[in-house]
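*Asks:* Sending over a structure as structure tokens; questions will come in a sec.
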Amino acid sequence: MMKTLLFVVAFTALLSTGSLASVHQATCYTDHNKGGSYQTFTDYIPDLLTYNFDNQISSVTVTGIWIFYERANFAAGTSVYWVHGFNYFTNFDGGYDNAFSSLRYGGSTSCLNCDTWTVYLDLYFSGSEYYGTTDTASLGSLQKEVSSILLTGISPWTFYNGPSYTGSSVCLYPSTDQDTDGAGSVLNIGLYPDVSTDNNTLPRRDISGDIRQQHPVSAQGMLVKEGHQSSSRGQGTRQGTQRCLGSLQGHR
Ligand SMILES: [Ca+2]
Ligand SMILES: [Ca+2]
């Protein structure tokens, strides 16, 4: 009994000293099916050249939610691919094989299923981002320039297109995707890769700044589904200007 207790304390201390950059983890392989050489990332990687891994990744195992970009610095304009889950594995095929030059995770650094919102300058979680966990009256440099939104946790958020929580608004839920690890851990995600089509009330790139936290829903994770796509089955993709969320072959 005492041994067990000591172990738990030691483990907690290890986590709190920040031995990992984040609770998100992506092990990237140079070949399909976990082959070739590999590197495990737990932090934002703006340029895979730094790790001699540019345009080499062919498969990946992720915990948390990870977004892969064909260009360095999470830049918009070409292929973007997102993968999430608990130890979820997938191969990258076709134009996504040997293509990625940067990657980053979404949500909280320290807690997979905490309530967070992240807004992005460009479509498909690309470009500059602004992250928060509470109501905010300003989106900093992204004021009026939000194109995509990523939510985690169990709280829905209302996004307003006017100052001080005014103007037209839309309530978004972290309910487009849900991952479980089979041992009780849950990751709820709201993926809104294009806010101009995920809701009709907000014109594209015209969300101005105010986000207010709504009533938390039950910890059970029973979230109300709104009229957006119901699932991307652990991954979504975008190539060129074509939107193809959820159209990928199911790997799960
Ligand atoms: Ca490769
Ligand atoms: Ca590339």
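The way I read the labels, and the way they are meant: chains A, B, ... in the order of the structure tokens, residue 1 as the first residue of every chain, and ligand 1 as the first ligand shown, with later ones counted on from there.
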I need the residues of stretch 6-201 of chain A that end up classed as alpha helix (DSSP H) by DSSP on the backbone, written out as a PyMOL selection string.

*Replies:* chain A and resi 6-16+195-198

*Asks:* Which residues form the shell of 7 Å around ligand 1 when you count only C-alpha atoms and all ligand atoms, given as a list in words?

*Replies:* Thr30, Asp31, Gln56, Ile57, Ser58, Asp97 and Asn98 of chain A

*Asks:* Create the file for the chosen residues now, containing C-alpha atoms and written as a PDB file, in the first residue's frame.

*Replies:*
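Contents of part36.pdb, as written:
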```pdb
ATOM      1  CA  THR A  30       9.849   7.986 -42.247  1.00  0.00           C
ATOM      2  CA  ASP A  31       8.175   4.867 -43.676  1.00  0.00           C
ATOM      3  CA  GLN A  56       9.944  12.531 -44.885  1.00  0.00           C
ATOM      4  CA  ILE A  57       7.048  11.587 -42.641  1.00  0.00           C
ATOM      5  CA  SER A  58       5.027   8.638 -43.941  1.00  0.00           C
ATOM      6  CA  ASP A  97       3.219  11.212 -47.978  1.00  0.00           C
ATOM      7  CA  ASN A  98       6.627  12.865 -47.569  1.00  0.00           C
TER       8      ASN A  98
END
```

*Asks:* Could you report the residues within 12 Å of ligand 2, using only C-alpha atoms and all ligand atoms, as an mmCIF file with N, CA and C atoms, in the first residue's frame?

*Replies:*
```cif
data_model
loop_
_atom_site.group_PDB
_atom_site.id
_atom_site.type_symbol
_atom_site.label_atom_id
_atom_site.label_comp_id
_atom_site.auth_asym_id
_atom_site.auth_seq_id
_atom_site.Cartn_x
_atom_site.Cartn_y
_atom_site.Cartn_z
ATOM 1 N N PRO A 46 7.906 24.216 -35.911
ATOM 2 C CA PRO A 46 7.641 25.104 -37.050
ATOM 3 C C PRO A 46 8.406 24.737 -38.318
ATOM 4 N N ASP A 47 9.490 23.996 -38.175
ATOM 5 C CA ASP A 47 10.243 23.627 -39.373
ATOM 6 C C ASP A 47 10.943 22.289 -39.149
ATOM 7 N N LEU A 48 10.451 21.267 -39.818
ATOM 8 C CA LEU A 48 11.018 19.927 -39.636
ATOM 9 C C LEU A 48 12.436 19.811 -40.180
ATOM 10 N N LEU A 49 12.870 20.789 -40.962
ATOM 11 C CA LEU A 49 14.264 20.796 -41.420
ATOM 12 C C LEU A 49 15.210 20.784 -40.226
ATOM 13 N N PHE A 53 13.906 16.125 -40.774
ATOM 14 C CA PHE A 53 12.726 15.296 -41.016
ATOM 15 C C PHE A 53 11.788 15.949 -42.034
ATOM 16 N N ASP A 54 12.308 16.942 -42.749
ATOM 17 C CA ASP A 54 11.437 17.653 -43.687
ATOM 18 C C ASP A 54 11.035 16.759 -44.854
ATOM 19 N N ASN A 55 9.759 16.753 -45.187
ATOM 20 C CA ASN A 55 9.239 15.980 -46.329
ATOM 21 C C ASN A 55 9.606 14.498 -46.248
ATOM 22 N N GLN A 56 9.588 13.947 -45.047
ATOM 23 C CA GLN A 56 9.944 12.531 -44.885
ATOM 24 C C GLN A 56 8.876 11.709 -44.185
ATOM 25 N N ILE A 57 7.992 12.342 -43.478
ATOM 26 C CA ILE A 57 7.048 11.587 -42.641
ATOM 27 C C ILE A 57 6.056 10.805 -43.491
ATOM 28 N N PHE A 68 -0.806 18.713 -39.212
ATOM 29 C CA PHE A 68 0.390 18.629 -40.046
ATOM 30 C C PHE A 68 0.228 19.550 -41.255
ATOM 31 N N TYR A 69 1.299 20.275 -41.579
ATOM 32 C CA TYR A 69 1.244 21.260 -42.655
ATOM 33 C C TYR A 69 2.294 20.945 -43.712
ATOM 34 N N GLU A 70 1.886 21.115 -44.975
ATOM 35 C CA GLU A 70 2.836 20.863 -46.057
ATOM 36 C C GLU A 70 3.956 21.894 -46.063
ATOM 37 N N ARG A 71 3.642 23.075 -45.562
ATOM 38 C CA ARG A 71 4.646 24.128 -45.550
ATOM 39 C C ARG A 71 5.172 24.357 -44.136
ATOM 40 N N ALA A 72 6.313 25.009 -44.044
ATOM 41 C CA ALA A 72 6.887 25.351 -42.742
ATOM 42 C C ALA A 72 6.050 26.441 -42.079
ATOM 43 N N ASN A 73 6.238 26.600 -40.793
ATOM 44 C CA ASN A 73 5.590 27.672 -40.019
ATOM 45 C C ASN A 73 4.067 27.609 -40.055
ATOM 46 N N PHE A 74 3.525 26.392 -40.196
ATOM 47 C CA PHE A 74 2.071 26.181 -40.122
ATOM 48 C C PHE A 74 1.324 27.019 -41.152
ATOM 49 N N ALA A 75 1.986 27.262 -42.282
ATOM 50 C CA ALA A 75 1.438 28.199 -43.271
ATOM 51 C C ALA A 75 0.265 27.609 -44.024
ATOM 52 N N ALA A 76 -0.649 28.470 -44.392
ATOM 53 C CA ALA A 76 -1.818 28.070 -45.164
ATOM 54 C C ALA A 76 -1.442 27.941 -46.639
ATOM 55 N N GLY A 77 -2.363 27.427 -47.380
ATOM 56 C CA GLY A 77 -2.207 27.459 -48.826
ATOM 57 C C GLY A 77 -2.012 26.117 -49.487
ATOM 58 N N THR A 78 -1.585 25.142 -48.733
ATOM 59 C CA THR A 78 -1.426 23.817 -49.330
ATOM 60 C C THR A 78 -2.042 22.771 -48.403
ATOM 61 N N SER A 79 -1.534 21.575 -48.438
ATOM 62 C CA SER A 79 -2.170 20.494 -47.686
ATOM 63 C C SER A 79 -2.060 20.676 -46.178
ATOM 64 N N VAL A 80 -3.160 20.413 -45.524
ATOM 65 C CA VAL A 80 -3.205 20.382 -44.064
ATOM 66 C C VAL A 80 -3.918 19.095 -43.670
ATOM 67 N N GLY A 95 -0.714 12.526 -51.765
ATOM 68 C CA GLY A 95 -0.036 13.813 -51.664
ATOM 69 C C GLY A 95 0.393 14.176 -50.259
ATOM 70 N N TYR A 96 -0.040 13.404 -49.285
ATOM 71 C CA TYR A 96 0.336 13.686 -47.902
ATOM 72 C C TYR A 96 1.591 12.936 -47.469
ATOM 73 N N ASP A 97 2.015 11.990 -48.295
ATOM 74 C CA ASP A 97 3.219 11.212 -47.978
ATOM 75 C C ASP A 97 4.456 12.051 -48.293
ATOM 76 N N ASN A 98 5.387 12.103 -47.372
ATOM 77 C CA ASN A 98 6.627 12.865 -47.569
ATOM 78 C C ASN A 98 6.367 14.329 -47.912
ATOM 79 N N ALA A 99 5.368 14.890 -47.299
ATOM 80 C CA ALA A 99 4.978 16.255 -47.663
ATOM 81 C C ALA A 99 5.145 17.252 -46.516
ATOM 82 N N PHE A 100 5.046 16.793 -45.281
ATOM 83 C CA PHE A 100 4.892 17.749 -44.189
ATOM 84 C C PHE A 100 6.197 18.403 -43.765
ATOM 85 N N SER A 101 6.079 19.704 -43.492
ATOM 86 C CA SER A 101 7.245 20.495 -43.104
ATOM 87 C C SER A 101 7.093 21.158 -41.741
ATOM 88 N N SER A 102 5.876 21.105 -41.175
ATOM 89 C CA SER A 102 5.684 21.619 -39.817
ATOM 90 C C SER A 102 4.490 20.917 -39.183
ATOM 91 N N LEU A 103 4.444 20.949 -37.856
ATOM 92 C CA LEU A 103 3.315 20.352 -37.140
ATOM 93 C C LEU A 103 3.154 21.020 -35.779
#
```

*Asks:* Give the answer as one residue: which of A:Ser110, A:Thr42, A:Thr176, A:Thr61 has the shortest atom-to-atom distance to A:Leu151, using only C-alpha atoms?

*Replies:*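 Answer, going by the shortest atom-to-atom distance: A:Thr176.
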
*Asks:* Could you work out how far atom CA of A:Tyr131 lies from atom CA of A:Gly153, giving the answer in Å with one decimal?

*Replies:*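 One can read the atom CA of A:Gly153 to atom CA of A:Tyr131 distance as 13.7 Å.
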
*Asks:* With only C-alpha atoms as the counted atoms, please give the residues lying no more than 9 Å from A:Gly107, apart from itself and same-chain residues fewer than 6 positions off, as a PyMOL selection string.

*Replies:* chain A and resi 64-65+113-118+131-132+150-153+189

*Asks:* Could you write those residues out with N, CA, C and O atoms, as a short mmCIF file (atom, residue, chain, number, x, y, z; two decimals), in the first residue's frame?

*Replies:*
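Produced file again.cif, reproduced below:
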```cif
data_model
loop_
_atom_site.label_atom_id
_atom_site.label_comp_id
_atom_site.auth_asym_id
_atom_site.auth_seq_id
_atom_site.Cartn_x
_atom_site.Cartn_y
_atom_site.Cartn_z
N GLY A 64 -3.56 12.98 -28.38
CA GLY A 64 -3.95 14.38 -28.45
C GLY A 64 -4.40 14.71 -29.85
O GLY A 64 -4.75 13.82 -30.63
N ILE A 65 -4.39 15.99 -30.18
CA ILE A 65 -4.74 16.38 -31.55
C ILE A 65 -3.57 17.10 -32.19
O ILE A 65 -3.01 18.04 -31.62
N ASN A 113 -8.09 17.20 -22.14
CA ASN A 113 -9.51 17.50 -22.31
C ASN A 113 -9.97 18.70 -21.49
O ASN A 113 -11.12 18.78 -21.08
N CYS A 114 -9.07 19.65 -21.25
CA CYS A 114 -9.48 20.88 -20.59
C CYS A 114 -10.25 21.76 -21.57
O CYS A 114 -10.12 21.62 -22.78
N ASP A 115 -11.05 22.66 -21.03
CA ASP A 115 -11.82 23.58 -21.86
C ASP A 115 -10.90 24.63 -22.47
O ASP A 115 -10.31 25.44 -21.76
N THR A 116 -10.80 24.60 -23.78
CA THR A 116 -9.96 25.58 -24.48
C THR A 116 -10.62 25.99 -25.79
O THR A 116 -11.45 25.27 -26.33
N TRP A 117 -10.24 27.16 -26.26
CA TRP A 117 -10.56 27.54 -27.64
C TRP A 117 -9.29 28.05 -28.29
O TRP A 117 -8.42 28.64 -27.63
N THR A 118 -9.15 27.79 -29.57
CA THR A 118 -8.05 28.35 -30.35
C THR A 118 -8.64 28.84 -31.67
O THR A 118 -9.38 28.11 -32.33
N TYR A 131 -5.02 31.64 -28.52
CA TYR A 131 -5.52 30.58 -27.67
C TYR A 131 -6.03 31.12 -26.35
O TYR A 131 -5.48 32.09 -25.82
N GLY A 132 -7.08 30.51 -25.82
CA GLY A 132 -7.56 30.94 -24.52
C GLY A 132 -8.37 29.87 -23.82
O GLY A 132 -8.76 28.86 -24.41
N LEU A 150 -10.79 25.76 -33.20
CA LEU A 150 -10.63 24.42 -32.61
C LEU A 150 -10.98 24.50 -31.13
O LEU A 150 -10.46 25.36 -30.41
N LEU A 151 -11.87 23.63 -30.68
CA LEU A 151 -12.27 23.59 -29.27
C LEU A 151 -11.90 22.24 -28.67
O LEU A 151 -11.91 21.22 -29.35
N THR A 152 -11.58 22.27 -27.36
CA THR A 152 -11.42 21.00 -26.63
C THR A 152 -12.17 21.12 -25.31
O THR A 152 -12.50 22.21 -24.86
N GLY A 153 -12.43 19.97 -24.70
CA GLY A 153 -13.07 19.97 -23.39
C GLY A 153 -14.56 19.69 -23.48
O GLY A 153 -15.03 19.02 -24.38
N ILE A 189 -13.46 17.09 -28.96
CA ILE A 189 -12.89 18.09 -29.86
C ILE A 189 -13.99 18.72 -30.69
O ILE A 189 -14.91 18.03 -31.14
#
```

*Asks:* If we count only C-alpha atoms and set the cut-off at 7 Å, which residues sit around A:Tyr88, ignoring sequence neighbours fewer than 3 positions away in its own chain? Please answer as a ChimeraX atom specification.

*Replies:* /A:61-63,84-85

*Asks:* Which residue gives the smallest distance to A:Ser126 among A:Asp43, A:Asp179, A:Asp194, A:Asp93, with only C-alpha atoms counted?

*Replies:*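 Closest candidate: A:Asp194.
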
*Asks:* Please determine, counting only C-alpha atoms, which residue among A:Tyr51, A:Tyr165, A:Phe41, A:Phe86 has the shortest atom-to-atom distance to A:Ala26.

*Replies:*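 Residue with the minimum atom-to-atom distance to A:Ala26: A:Phe41.
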
*Asks:* Measure the distance from atom CA of A:His32 to atom CA of A:Ala183 in Å and round it to one decimal.

*Replies:*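 Here the two named atoms are 27.8 Å from each other.
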
*Asks:* Could you please determine the separation between atom CA of A:Lys34 and atom CA of A:Phe89 in Å, to one decimal place?

*Replies:*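 Atom-to-atom, atom CA of A:Lys34 to atom CA of A:Phe89, that is 8.6 Å.
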
*Asks:* Give me the residues near A:Tyr124 as a VMD selection string, where near means some atom within 10 Å (using only C-alpha atoms) and where sequence neighbours in that chain fewer than 2 positions away do not count.

*Replies:* chain A and resid 67 69 76 to 77 79 to 82 120 to 122 126 to 127 147 to 150 191 to 195 236 to 238 243 245

*Asks:* For those residues, write N, CA and C atoms to a file as an mmCIF file, in the first residue's frame.

*Replies:*
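So part_14.cif came out as:
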```cif
data_model
loop_
_atom_site.group_PDB
_atom_site.id
_atom_site.type_symbol
_atom_site.label_atom_id
_atom_site.label_comp_id
_atom_site.auth_asym_id
_atom_site.auth_seq_id
_atom_site.Cartn_x
_atom_site.Cartn_y
_atom_site.Cartn_z
ATOM 1 N N ILE A 67 -1.834 18.687 -35.924
ATOM 2 C CA ILE A 67 -2.110 19.231 -37.246
ATOM 3 C C ILE A 67 -0.786 19.289 -38.008
ATOM 4 N N TYR A 69 1.299 20.275 -41.579
ATOM 5 C CA TYR A 69 1.244 21.260 -42.655
ATOM 6 C C TYR A 69 2.294 20.945 -43.712
ATOM 7 N N ALA A 76 -0.649 28.470 -44.392
ATOM 8 C CA ALA A 76 -1.818 28.070 -45.164
ATOM 9 C C ALA A 76 -1.442 27.941 -46.639
ATOM 10 N N GLY A 77 -2.363 27.427 -47.380
ATOM 11 C CA GLY A 77 -2.207 27.459 -48.826
ATOM 12 C C GLY A 77 -2.012 26.117 -49.487
ATOM 13 N N SER A 79 -1.534 21.575 -48.438
ATOM 14 C CA SER A 79 -2.170 20.494 -47.686
ATOM 15 C C SER A 79 -2.060 20.676 -46.178
ATOM 16 N N VAL A 80 -3.160 20.413 -45.524
ATOM 17 C CA VAL A 80 -3.205 20.382 -44.064
ATOM 18 C C VAL A 80 -3.918 19.095 -43.670
ATOM 19 N N TYR A 81 -3.438 18.455 -42.631
ATOM 20 C CA TYR A 81 -3.977 17.150 -42.242
ATOM 21 C C TYR A 81 -4.016 17.096 -40.729
ATOM 22 N N TRP A 82 -5.168 16.733 -40.169
ATOM 23 C CA TRP A 82 -5.204 16.656 -38.709
ATOM 24 C C TRP A 82 -5.562 15.241 -38.270
ATOM 25 N N TYR A 120 -7.783 30.600 -35.462
ATOM 26 C CA TYR A 120 -6.680 30.647 -36.411
ATOM 27 C C TYR A 120 -6.953 31.683 -37.488
ATOM 28 N N LEU A 121 -5.884 32.306 -37.936
ATOM 29 C CA LEU A 121 -5.997 33.319 -38.978
ATOM 30 C C LEU A 121 -6.528 32.707 -40.275
ATOM 31 N N ASP A 122 -6.058 31.528 -40.608
ATOM 32 C CA ASP A 122 -6.385 30.946 -41.906
ATOM 33 C C ASP A 122 -7.230 29.689 -41.763
ATOM 34 N N SER A 126 -4.657 26.894 -39.882
ATOM 35 C CA SER A 126 -3.358 27.342 -40.399
ATOM 36 C C SER A 126 -3.069 28.777 -39.975
ATOM 37 N N GLY A 127 -1.811 29.135 -40.095
ATOM 38 C CA GLY A 127 -1.395 30.499 -39.835
ATOM 39 C C GLY A 127 -1.345 30.837 -38.352
ATOM 40 N N SER A 147 -10.521 32.494 -39.283
ATOM 41 C CA SER A 147 -11.060 31.644 -40.356
ATOM 42 C C SER A 147 -11.397 30.237 -39.897
ATOM 43 N N SER A 148 -10.785 29.808 -38.790
ATOM 44 C CA SER A 148 -11.084 28.459 -38.309
ATOM 45 C C SER A 148 -10.950 28.429 -36.793
ATOM 46 N N ILE A 149 -11.613 27.461 -36.190
ATOM 47 C CA ILE A 149 -11.694 27.397 -34.725
ATOM 48 C C ILE A 149 -11.546 25.948 -34.268
ATOM 49 N N LEU A 150 -10.788 25.755 -33.200
ATOM 50 C CA LEU A 150 -10.630 24.424 -32.614
ATOM 51 C C LEU A 150 -10.976 24.502 -31.127
ATOM 52 N N LEU A 191 -13.982 20.632 -34.166
ATOM 53 C CA LEU A 191 -13.165 21.033 -35.307
ATOM 54 C C LEU A 191 -14.022 21.858 -36.262
ATOM 55 N N TYR A 192 -13.681 23.121 -36.395
ATOM 56 C CA TYR A 192 -14.399 24.011 -37.304
ATOM 57 C C TYR A 192 -13.387 24.590 -38.295
ATOM 58 N N PRO A 193 -13.037 23.816 -39.308
ATOM 59 C CA PRO A 193 -11.947 24.202 -40.208
ATOM 60 C C PRO A 193 -12.271 25.398 -41.087
ATOM 61 N N ASP A 194 -13.561 25.721 -41.207
ATOM 62 C CA ASP A 194 -13.934 26.873 -42.022
ATOM 63 C C ASP A 194 -15.180 27.477 -41.399
ATOM 64 N N VAL A 195 -15.028 28.516 -40.624
ATOM 65 C CA VAL A 195 -16.182 29.069 -39.912
ATOM 66 C C VAL A 195 -17.139 29.788 -40.856
ATOM 67 N N GLY A 236 -8.802 14.582 -40.730
ATOM 68 C CA GLY A 236 -9.421 15.368 -41.786
ATOM 69 C C GLY A 236 -8.324 15.861 -42.688
ATOM 70 N N THR A 237 -8.682 16.262 -43.864
ATOM 71 C CA THR A 237 -7.636 16.703 -44.771
ATOM 72 C C THR A 237 -8.100 17.898 -45.576
ATOM 73 N N ARG A 238 -7.157 18.553 -46.111
ATOM 74 C CA ARG A 238 -7.477 19.586 -47.073
ATOM 75 C C ARG A 238 -6.351 19.629 -48.083
ATOM 76 N N ARG A 243 -12.328 21.223 -49.999
ATOM 77 C CA ARG A 243 -12.591 20.854 -48.629
ATOM 78 C C ARG A 243 -13.060 19.414 -48.601
ATOM 79 N N LEU A 245 -13.236 17.374 -45.447
ATOM 80 C CA LEU A 245 -13.308 16.870 -44.087
ATOM 81 C C LEU A 245 -14.186 15.623 -44.030
#
```

*Asks:* Tell me which protein, DNA and RNA residues are within 8 Å of A:Tyr38, counting only C-alpha atoms, leaving out same-chain ones fewer than 5 positions away, and put them as a list in words.

*Replies:*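 What passes the distance filter is Thr27, Cys28, Tyr29 and Thr30 of chain A.
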